[in-house]
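**Student:** Data file upload15.txt (compact mmCIF, C-alpha atoms) is appended below.
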```
# COMPACT_ATOMS: atom_id res chain seq x y z
CA MET A 300 106.90 -49.97 12.48
CA SER A 301 109.09 -50.90 9.53
CA ARG A 302 108.54 -54.46 8.37
CA GLU A 303 110.83 -54.26 5.40
CA PHE A 304 113.56 -56.78 5.81
CA THR A 305 115.12 -59.06 3.23
CA TYR A 306 117.96 -61.38 4.10
CA THR A 307 119.90 -62.95 1.26
CA GLU A 308 123.34 -63.79 2.67
CA HIS A 309 125.17 -62.88 5.83
CA ALA A 310 127.80 -60.20 5.61
CA PRO A 311 131.48 -61.16 5.66
CA ILE A 312 132.83 -60.62 9.15
CA SER A 313 135.36 -58.09 7.81
CA THR A 314 132.57 -55.73 6.67
CA LEU A 315 130.64 -55.68 9.94
CA PRO A 316 130.81 -52.73 12.36
CA THR A 317 132.85 -54.70 14.88
CA ASN A 318 135.09 -51.87 16.08
CA PHE A 319 133.22 -51.46 19.35
CA GLU A 320 135.30 -50.67 22.39
CA VAL A 321 135.06 -52.76 25.53
CA PRO A 322 133.50 -50.23 27.92
CA ALA A 323 135.57 -51.07 31.02
CA THR A 324 138.64 -52.92 32.15
CA VAL A 325 138.50 -56.13 34.15
CA PRO A 326 138.39 -55.38 37.90
CA GLN A 327 141.27 -56.66 40.02
CA SER A 328 138.96 -58.16 42.65
CA SER A 329 135.27 -58.83 43.24
CA ASN A 330 132.95 -60.40 45.78
CA ILE A 331 131.51 -63.81 44.92
CA THR A 332 128.77 -66.03 46.29
CA THR A 333 127.32 -69.57 45.96
CA ASP A 334 123.84 -70.65 44.87
CA GLY A 335 123.25 -74.40 45.06
CA ILE A 336 125.63 -76.21 42.74
CA LEU A 337 126.85 -72.93 41.22
CA HIS A 338 129.92 -71.41 42.87
CA GLY A 339 131.98 -68.28 42.32
CA LEU A 340 128.97 -66.21 41.26
CA PRO A 341 129.43 -62.44 41.07
CA THR A 342 127.59 -60.03 43.31
CA TYR A 343 126.37 -56.54 42.43
CA PRO A 344 125.46 -53.38 44.35
CA SER A 345 121.74 -52.76 44.89
CA GLY A 346 120.02 -51.14 41.94
CA THR A 347 122.82 -52.02 39.52
CA GLY A 348 120.50 -53.49 36.92
CA GLY A 349 117.78 -50.87 36.83
CA THR A 350 115.04 -51.86 34.37
CA ALA A 351 115.13 -54.88 32.07
CA LEU A 352 112.95 -56.06 29.19
CA VAL A 353 112.99 -59.82 28.45
CA ALA A 354 111.77 -60.90 25.01
CA GLY A 355 110.51 -64.41 24.41
CA ALA A 356 109.72 -64.78 28.09
CA ASN A 357 107.69 -67.97 27.62
CA GLY A 358 110.61 -69.91 26.11
CA ILE A 359 113.23 -71.95 27.91
CA SER A 360 115.79 -69.12 27.97
CA GLY A 361 113.38 -66.27 28.65
CA THR A 362 111.63 -68.12 31.47
CA HIS A 363 114.91 -68.92 33.21
CA MET A 364 116.11 -65.35 32.75
CA LEU A 365 112.99 -64.15 34.57
CA ARG A 366 113.64 -66.69 37.31
CA THR A 367 117.24 -65.55 37.63
CA MET A 368 116.31 -61.88 37.80
CA ALA A 369 113.52 -62.62 40.28
CA LYS A 370 116.14 -64.01 42.65
CA HIS A 371 117.77 -60.58 42.74
CA PRO A 372 115.10 -57.97 43.53
CA ASP A 373 117.81 -55.80 45.05
CA ILE A 374 119.59 -55.62 41.69
CA TRP A 375 116.65 -55.12 39.33
CA THR A 376 114.27 -52.31 40.16
CA ARG A 377 111.87 -53.43 37.43
CA VAL A 378 111.67 -56.35 34.99
CA ASP A 379 109.20 -56.23 32.09
CA TYR A 380 108.70 -59.08 29.70
CA VAL A 381 106.98 -59.83 26.42
CA CYS A 382 106.14 -63.19 24.90
CA HIS A 383 107.37 -61.88 21.56
CA TYR A 384 109.32 -64.43 19.61
CA VAL A 385 112.77 -63.36 18.50
CA PHE A 386 113.44 -66.92 17.39
CA SER A 387 111.26 -69.05 15.14
CA THR A 388 111.37 -72.47 13.50
CA ASN A 389 108.10 -71.76 11.70
CA VAL A 390 109.52 -72.84 8.35
CA LYS A 391 108.13 -75.94 6.66
CA ILE A 392 110.82 -78.56 6.19
CA GLU A 393 109.91 -80.73 3.23
CA ASP A 394 112.55 -83.39 3.87
CA LYS A 395 112.76 -84.15 7.59
CA SER A 396 116.00 -86.05 7.11
CA ARG A 397 117.56 -82.65 6.25
CA PRO A 398 116.60 -80.49 9.26
CA PHE A 399 118.93 -77.62 8.32
CA ALA A 400 118.13 -77.61 4.61
CA GLU A 401 115.92 -74.50 4.92
CA ALA A 402 118.66 -72.33 6.42
CA GLY A 403 117.95 -69.44 4.06
CA ALA A 404 114.27 -69.32 4.94
CA LEU A 405 115.07 -69.55 8.65
CA SER A 406 117.47 -66.62 8.26
CA GLU A 407 114.78 -64.55 6.59
CA GLU A 408 112.19 -65.43 9.25
CA ASN A 409 114.40 -64.84 12.27
CA GLY A 410 116.07 -61.75 10.84
CA ARG A 411 112.67 -60.15 10.34
CA LEU A 412 111.59 -61.02 13.89
CA LEU A 413 114.59 -59.28 15.46
CA HIS A 414 114.39 -56.36 13.02
CA ASN A 415 110.76 -55.68 14.00
CA PHE A 416 111.53 -56.00 17.69
CA LEU A 417 114.39 -53.50 17.52
CA GLN A 418 112.25 -51.07 15.55
CA ALA A 419 109.50 -51.41 18.16
CA ILE A 420 111.98 -50.43 20.87
CA LEU A 421 112.70 -47.20 19.02
CA LEU A 422 109.02 -46.48 18.39
CA ALA A 423 108.33 -46.95 22.10
CA GLY A 424 110.87 -44.26 22.87
CA LEU A 425 113.21 -46.63 24.70
CA LYS A 426 116.98 -46.25 24.76
CA PRO A 427 118.62 -49.48 25.97
CA LYS A 428 121.98 -49.30 27.68
CA ARG A 429 122.95 -52.83 26.60
CA ILE A 430 121.20 -55.53 24.52
CA LEU A 431 121.97 -59.22 24.92
CA LEU A 432 121.46 -61.56 21.96
CA GLN A 433 121.43 -65.31 22.54
CA THR A 434 122.58 -67.46 19.64
CA GLY A 435 124.37 -70.81 20.00
CA ALA A 436 126.68 -73.49 18.67
CA LYS A 437 125.54 -73.15 15.05
CA ASN A 438 127.84 -70.10 15.05
CA TYR A 439 130.66 -72.61 14.61
CA GLY A 440 128.87 -74.90 12.15
CA TYR A 441 128.10 -77.84 14.45
CA ASP A 442 125.06 -78.52 12.23
CA LEU A 443 127.37 -79.01 9.24
CA GLY A 444 129.70 -81.59 10.71
CA PRO A 445 132.79 -81.99 12.90
CA TYR A 446 134.51 -78.94 14.30
CA VAL A 447 137.31 -78.40 16.78
CA LEU A 448 136.23 -78.66 20.41
CA PRO A 449 135.98 -76.75 22.52
CA ALA A 450 134.90 -73.98 20.17
CA ILE A 451 136.25 -70.56 21.05
CA GLU A 452 134.69 -67.21 20.28
CA ASP A 453 137.46 -66.28 17.85
CA ASP A 454 136.45 -69.21 15.61
CA LEU A 455 133.47 -67.21 14.34
CA PRO A 456 135.22 -65.31 11.51
CA ARG A 457 136.48 -68.56 10.00
CA ALA A 458 133.10 -70.26 10.42
CA ARG A 459 131.44 -67.43 8.49
CA ILE A 460 133.81 -67.89 5.59
CA PHE A 461 132.93 -71.55 5.17
CA SER A 462 129.26 -71.50 6.22
CA GLY A 463 126.15 -70.80 4.16
CA PRO A 464 123.03 -68.97 5.39
CA ASN A 465 122.71 -68.95 9.16
CA PHE A 466 120.07 -67.00 11.06
CA TYR A 467 122.49 -66.35 13.91
CA TYR A 468 124.59 -64.34 11.49
CA ALA A 469 121.51 -62.47 10.25
CA GLN A 470 120.61 -61.47 13.80
CA GLN A 471 124.19 -60.55 14.68
CA ASP A 472 124.40 -58.29 11.64
CA LEU A 473 121.15 -56.55 12.56
CA LEU A 474 122.09 -56.06 16.20
CA LEU A 475 125.57 -54.70 15.49
CA GLU A 476 124.20 -52.22 12.97
CA PHE A 477 121.42 -51.14 15.36
CA CYS A 478 123.88 -50.61 18.21
CA ARG A 479 126.29 -48.68 16.03
CA LYS A 480 123.56 -46.33 14.79
CA ASN A 481 121.96 -45.78 18.20
CA ASN A 482 125.07 -45.76 20.43
CA VAL A 483 123.96 -48.86 22.38
CA GLU A 484 126.20 -51.54 23.87
CA TRP A 485 125.66 -55.16 22.85
CA CYS A 486 126.64 -58.57 24.13
CA GLU A 487 126.08 -62.09 22.84
CA SER A 488 125.66 -65.44 24.56
CA ARG A 489 126.43 -68.68 22.71
CA PRO A 490 125.11 -71.71 24.62
CA GLY A 491 125.06 -75.33 23.49
CA PHE A 492 121.98 -77.53 23.88
CA ILE A 493 119.95 -75.94 26.67
CA CYS A 494 118.36 -78.07 29.39
CA GLY A 495 115.74 -76.65 31.73
CA VAL A 496 112.18 -77.10 32.96
CA VAL A 497 109.62 -75.07 30.99
CA LYS A 498 106.15 -76.12 29.86
CA ASP A 499 105.61 -76.55 26.11
CA ASN A 500 109.31 -76.23 25.35
CA ASN A 501 110.42 -78.06 22.20
CA LEU A 502 114.12 -77.21 22.47
CA ASN A 503 115.17 -79.44 25.35
CA TYR A 504 116.48 -82.83 24.24
CA LEU A 505 116.07 -84.29 27.74
CA VAL A 506 112.29 -84.07 27.33
CA PRO A 507 112.09 -86.58 24.43
CA LEU A 508 114.79 -88.74 26.01
CA PHE A 509 112.84 -89.08 29.26
CA LEU A 510 109.61 -89.54 27.29
CA HIS A 511 111.25 -92.35 25.32
CA ALA A 512 112.18 -94.03 28.59
CA ALA A 513 108.83 -93.42 30.34
CA ILE A 514 106.77 -94.67 27.38
CA SER A 515 109.04 -97.69 26.92
CA LYS A 516 108.53 -98.54 30.60
CA HIS A 517 104.76 -98.17 30.27
CA MET A 518 104.78 -100.47 27.23
CA GLY A 519 106.49 -103.17 29.26
CA ARG A 520 109.88 -102.86 27.61
CA ASP A 521 113.02 -103.74 29.55
CA LYS A 522 115.36 -101.24 27.85
CA ILE A 523 115.66 -98.02 25.91
CA VAL A 524 117.43 -97.97 22.56
CA PHE A 525 120.20 -95.64 21.46
CA SER A 526 119.61 -95.22 17.73
CA GLY A 527 123.08 -94.04 16.72
CA ASP A 528 126.26 -96.01 16.13
CA ARG A 529 129.11 -96.76 18.51
CA ARG A 530 131.10 -93.70 17.53
CA SER A 531 128.27 -91.37 18.48
CA TRP A 532 127.64 -93.47 21.62
CA ASN A 533 131.17 -92.67 22.76
CA ASN A 534 131.39 -89.08 21.51
CA LEU A 535 131.93 -86.45 24.20
CA VAL A 536 129.46 -83.55 24.29
CA ASP A 537 128.55 -80.72 26.62
CA GLN A 538 125.40 -78.74 27.26
CA SER A 539 124.07 -75.58 28.91
CA ASN A 540 122.03 -75.72 32.08
CA ALA A 541 119.40 -73.00 31.66
CA TYR A 542 119.89 -71.48 35.12
CA HIS A 543 123.68 -71.58 34.81
CA MET A 544 123.35 -69.96 31.36
CA THR A 545 121.07 -67.12 32.45
CA THR A 546 123.25 -66.46 35.49
CA GLN A 547 126.15 -65.83 33.11
CA GLN A 548 123.89 -63.77 30.86
CA GLU A 549 122.90 -61.61 33.82
CA TRP A 550 126.62 -61.01 34.39
CA GLN A 551 127.00 -60.08 30.71
CA LEU A 552 124.29 -57.48 31.14
CA LEU A 553 125.62 -56.03 34.39
CA ALA A 554 129.42 -56.27 34.31
CA PRO A 555 130.89 -53.11 32.73
CA GLN A 556 133.77 -55.10 31.17
CA ALA A 557 131.40 -57.57 29.43
CA GLY A 558 129.95 -55.06 26.98
CA ASN A 559 130.45 -55.36 23.21
CA GLN A 560 131.69 -58.94 23.50
CA ALA A 561 130.46 -62.48 22.82
CA PHE A 562 130.91 -65.38 25.23
CA ASN A 563 130.35 -69.11 24.89
CA THR A 564 128.02 -70.29 27.64
CA THR A 565 128.27 -74.00 28.41
CA ASP A 566 128.58 -76.04 31.58
CA GLY A 567 132.00 -77.39 30.63
CA ASN A 568 131.14 -80.86 31.93
CA TRP A 569 131.96 -83.22 29.07
CA PHE A 570 130.10 -86.51 28.94
CA GLY A 571 129.02 -89.17 26.44
CA MET A 572 125.70 -90.82 25.68
CA ALA A 573 127.32 -93.99 27.00
CA ARG A 574 127.07 -92.25 30.38
CA LEU A 575 123.74 -90.43 29.99
CA PHE A 576 121.52 -93.16 28.53
CA PRO A 577 122.17 -95.68 31.34
CA LEU A 578 121.50 -92.96 33.93
CA VAL A 579 118.13 -92.08 32.38
CA ALA A 580 117.21 -95.73 31.84
CA GLY A 581 118.15 -96.63 35.41
CA PHE A 582 115.70 -94.02 36.72
CA TYR A 583 112.93 -96.16 35.22
CA GLY A 584 114.49 -99.51 36.08
CA LEU A 585 115.45 -100.13 32.46
CA ALA A 586 118.65 -101.11 30.69
CA ALA A 587 120.46 -99.04 28.05
CA PRO A 588 122.72 -101.35 26.04
CA ALA A 589 125.41 -100.05 23.71
CA PRO A 590 124.44 -99.97 20.02
CA PRO A 591 125.47 -102.81 17.69
CA SER A 592 128.61 -102.67 15.61
CA ASP A 593 128.56 -101.39 12.04
CA GLU A 594 128.53 -104.98 10.81
CA GLU A 595 125.73 -106.15 13.12
CA GLY A 596 123.21 -103.32 12.79
CA THR A 597 120.91 -102.18 10.01
CA TRP A 598 121.81 -98.58 9.28
CA THR A 599 120.57 -95.54 7.38
CA THR A 600 123.24 -92.98 6.52
CA ILE A 601 122.76 -89.30 5.69
CA VAL A 602 125.71 -87.42 4.19
CA SER A 603 126.14 -83.71 4.90
CA GLU A 604 125.51 -81.45 1.91
CA GLN A 605 128.69 -79.47 2.41
CA PRO A 606 132.04 -79.78 4.19
CA PRO A 607 132.36 -78.81 7.86
CA ALA A 608 132.04 -75.07 8.35
CA LEU A 609 135.41 -74.47 9.94
CA GLY A 610 137.18 -76.40 7.21
CA TYR A 611 139.27 -78.46 9.61
CA ALA A 612 138.38 -81.67 7.80
CA GLU A 613 138.16 -82.41 4.08
CA SER A 614 135.65 -85.25 4.48
CA LYS A 615 131.95 -84.55 4.66
CA ALA A 616 130.11 -85.62 7.77
CA THR A 617 127.62 -88.45 8.03
CA MET A 618 124.71 -89.15 10.33
CA LYS A 619 124.17 -92.84 10.92
CA TYR A 620 121.14 -94.28 12.67
CA GLN A 621 118.99 -97.39 13.10
CA PHE A 622 115.66 -95.51 13.33
CA LEU A 623 114.35 -91.99 13.94
CA TYR A 624 112.86 -91.26 17.34
CA SER A 625 110.32 -88.99 15.65
CA ASP A 626 109.11 -91.98 13.58
CA TRP A 627 109.06 -94.19 16.68
CA ALA A 628 106.94 -91.61 18.54
CA LYS A 629 104.25 -91.64 15.84
CA THR A 630 103.74 -95.42 15.72
CA PRO A 631 100.24 -96.57 16.77
CA GLU A 632 101.65 -98.57 19.69
CA VAL A 633 103.51 -95.57 21.14
CA GLN A 634 100.56 -93.25 20.55
CA ALA A 635 98.25 -95.66 22.35
CA ALA A 636 100.68 -95.99 25.27
CA TRP A 637 101.00 -92.21 25.62
CA LYS A 638 97.22 -91.76 25.46
CA ASP A 639 96.85 -94.32 28.24
CA MET A 640 99.55 -92.57 30.31
CA CYS A 641 97.77 -89.24 29.87
CA ALA A 642 94.56 -90.78 31.23
CA VAL A 643 96.24 -92.59 34.12
CA TYR A 644 98.52 -89.75 35.26
CA ASP A 645 96.43 -86.76 34.11
CA LEU A 646 99.09 -85.58 31.63
CA ASP A 647 98.94 -82.96 28.90
CA THR A 648 97.68 -84.55 25.67
CA THR A 649 99.32 -81.95 23.38
CA LEU A 650 102.07 -84.42 22.58
CA LEU A 651 99.54 -86.66 20.81
CA LYS A 652 99.43 -84.18 17.92
CA SER A 653 101.53 -85.56 15.09
CA GLU A 654 103.47 -82.42 14.17
CA TYR A 655 104.09 -81.52 17.82
CA MET A 656 105.40 -85.03 18.38
CA TRP A 657 107.87 -84.61 15.49
CA HIS A 658 109.14 -81.25 16.78
CA VAL A 659 109.79 -82.69 20.23
CA PHE A 660 111.50 -85.92 19.19
CA SER A 661 113.44 -84.59 16.20
CA LEU A 662 115.65 -82.57 18.55
CA LEU A 663 116.74 -85.81 20.21
CA GLU A 664 118.06 -86.94 16.84
CA LEU A 665 120.27 -83.87 16.65
CA ALA A 666 121.39 -83.66 20.25
CA VAL A 667 121.95 -87.26 21.22
CA PRO A 668 123.79 -87.16 18.68
CA LEU A 669 123.18 -89.80 16.09
CA CYS A 670 125.67 -88.05 15.16
CA LEU A 671 127.53 -85.97 12.61
CA ARG A 672 130.99 -87.50 12.30
CA LEU A 673 133.73 -87.86 9.75
CA SER A 674 132.96 -90.27 6.92
```
Could you render the structure as structure tokens?
**Tutor:**
Amino acid sequence: MSREFTYTEHAPISTLPTNFEVPATVPQSSNITTDGILHGLPTYPSGTGGTALVAGANGISGTHMLRTMAKHPDIWTRVDYVCHYVFSTNVKIEDKSRPFAEAGALSEENGRLLHNFLQAILLAGLKPKRILLQTGAKNYGYDLGPYVLPAIEDDLPRARIFSGPNFYYAQQDLLLEFCRKNNVEWCESRPGFICGVVKDNNLNYLVPLFLHAAISKHMGRDKIVFSGDRRSWNNLVDQSNAYHMTTQQEWQLLAPQAGNQAFNTTDGNWFGMARLFPLVAGFYGLAAPAPPSDEEGTWTTIVSEQPPALGYAESKATMKYQFLYSDWAKTPEVQAAWKDMCAVYDLDTTLLKSEYMWHVFSLLELAVPLCLRLS
């Protein structure tokens, strides 16, 4: 297997092999069904899917894809899976107040992972009909500051012009080139923050939010604290329910007209932390007061290192917060409370490890959000 892969900078969108044809026209009618809260779901003839291979099957997305496919044994004749990572955050971040500062190293790491996986497919003698790549909102530069919402798929070319290294772009470049050379169809899913139930998943911001509430309750507190300012408290955000997301991804794999295209994959239900925090707090019988004003609070401000990726604003973005949840989680009082909860409720003690604690709670600081806004 070839392990030679060096990523320096993503290719300009104009130089990529993007002249793929959509393999089919949109049908005039189709049968739909309902599954719980999800309505208008497509149906497929038996055996439509054939055989599937799911990579990263122990992650939040891979696990839910297996669950989605398992609901449709009449569609999929066989589903294989590997717990091979095609996404990694295994890059040491020296300054944890700059979580995206190592973008170049992340691009190198994640580009190599996908490169090796694609080469392994060839060495195994497999010829995929269609490959789905899951990326996300960093396509549009949400990590760099404000951008126009809702993002649309056609924003990507402009985002690439303004953005620096981005491992999504590295993986897109690799996949497009692989598909062009091997006459394989591709598709891409771009979710927002993904929420779902998977053990040992560090990429679900609801986990640290509920942990913050549960630990606060155990410590005898009467409230949970939103660390951001009032602007981020009132910002509207959306997210991607993992089952909803993988249901759309299954459609991307099966629908003839979905080939060689990218689709955003979010729930479309806009809400603010002013709505979410009280709901979570209320579950534990706690309060969730609004944050103090700029004049009343004690704030730390981080300024983005470059302008927003899409260039819609001249000002750089700032992240303003009262404290970091990852610092809160490592305090002796919180550690002692969690250790006691593990003993009382027979919980997994993995979270007591310092670095694991940071990985879990640092996502809350990005997703809540604290939040990137115009300065």
**Student:** Against stretch 476-486 of chain A, which residues of stretch 500-576 of chain A fall within 9 Å? For each one I want the closest pair of atoms and the distance in Å (one decimal), counting only C-alpha atoms, rows by chain and increasing residue number, as CSV.
**Tutor:**
```
residue,atom,partner,partner_atom,distance
A:Gln548,CA,A:Cys486,CA,8.9
A:Gln551,CA,A:Cys486,CA,6.8
A:Leu552,CA,A:Cys486,CA,7.5
A:Ala557,CA,A:Cys486,CA,7.2
A:Gly558,CA,A:Cys486,CA,5.6
A:Asn559,CA,A:Trp485,CA,4.8
A:Gln560,CA,A:Cys486,CA,5.1
A:Ala561,CA,A:Cys486,CA,5.6
A:Phe562,CA,A:Cys486,CA,8.1
```
**Student:** Near stretch 630-633 of chain A, within 12 Å and counting only C-alpha atoms, which residues show up once chain neighbours fewer than 3 positions away are dropped, as a PyMOL selection string?
**Tutor:** chain A and resi 510-520+623-627+636-640+650-651+653+656-657
**Student:** Using only C-alpha atoms for the distances, tell me which of A:Met544, A:Ala635, A:Leu443, A:Ile359 is nearest to A:Thr565.
**Tutor:**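 Among A:Met544, A:Ala635, A:Leu443, A:Ile359, it is A:Met544 that comes nearest to A:Thr565.
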**Student:** Considering all atoms listed in the file, return as a ChimeraX atom specification whatever protein or nucleic-acid residues lie within 10 Å of A:Ile493, sequence-local ones (same chain, fewer than 3 positions apart) excluded.
**Tutor:** /A:359-360,435,490,502-505,537-544,564-566
**Student:** To one decimal place, how far is atom CA of A:Leu365 from atom CA of A:Phe492 in Å?
**Tutor:**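 Calculated distance between atom CA of A:Leu365 and atom CA of A:Phe492 is 19.3 Å.
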**Student:** Show me, as a list in words, the residues that have an atom within 9 Å of A:Phe466 when counting only C-alpha atoms, minus same-chain residues fewer than 3 positions from it.
**Tutor:**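 After dropping sequence-adjacent residues, the list is His309, Ala402, Gly403, Ala404, Leu405, Ser406, Glu407, Glu408, Asn409, Gly410, Thr434, Ala469, Gln470 and Gln471 of chain A.
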**Student:** Compile the contact shell of A:Gln327 as a VMD selection string: residues with an atom at most 12 Å away, counting all atoms listed in the file, same-chain residues fewer than 3 positions apart removed.
**Tutor:** chain A and resid 324 330 556
**Student:** Could you jot down the atom CA of A:Pro341 to atom CA of A:Met364 separation for me, Å, one decimal place?
**Tutor:**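 Computed distance, atom CA of A:Pro341 to atom CA of A:Met364, equals 16.0 Å.
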**Student:** What are the centre and edge lengths in Å, to one decimal, of the axis-aligned box around all listed atoms of stretch 340-346 of chain A with 6 Å added on each side, as JSON?
**Tutor:**
```
{"center_x": 124.7, "center_y": -58.7, "center_z": 43.0, "size_x": 21.4, "size_y": 27.1, "size_z": 15.8}
```
**Student:** With all atoms listed in the file as the basis for distance, which of A:Gly346, A:Gly495, A:Gly444, A:Pro555 is at the shortest distance from A:Pro322?
**Tutor:**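 When distances to A:Pro322 are compared using all atoms listed in the file, the smallest one comes from A:Pro555.
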**Student:** So which residues touch A:Phe570 within 12 Å, counting all atoms listed in the file, skipping near sequence neighbours fewer than 6 positions away, as a ChimeraX atom specification?
**Tutor:** /A:531-538,576,578,667
**Student:** Quick one: pull the distance between atom CA of A:Tyr644 and atom CA of A:Lys498, Å, one decimal.
**Tutor:** 16.5 Å
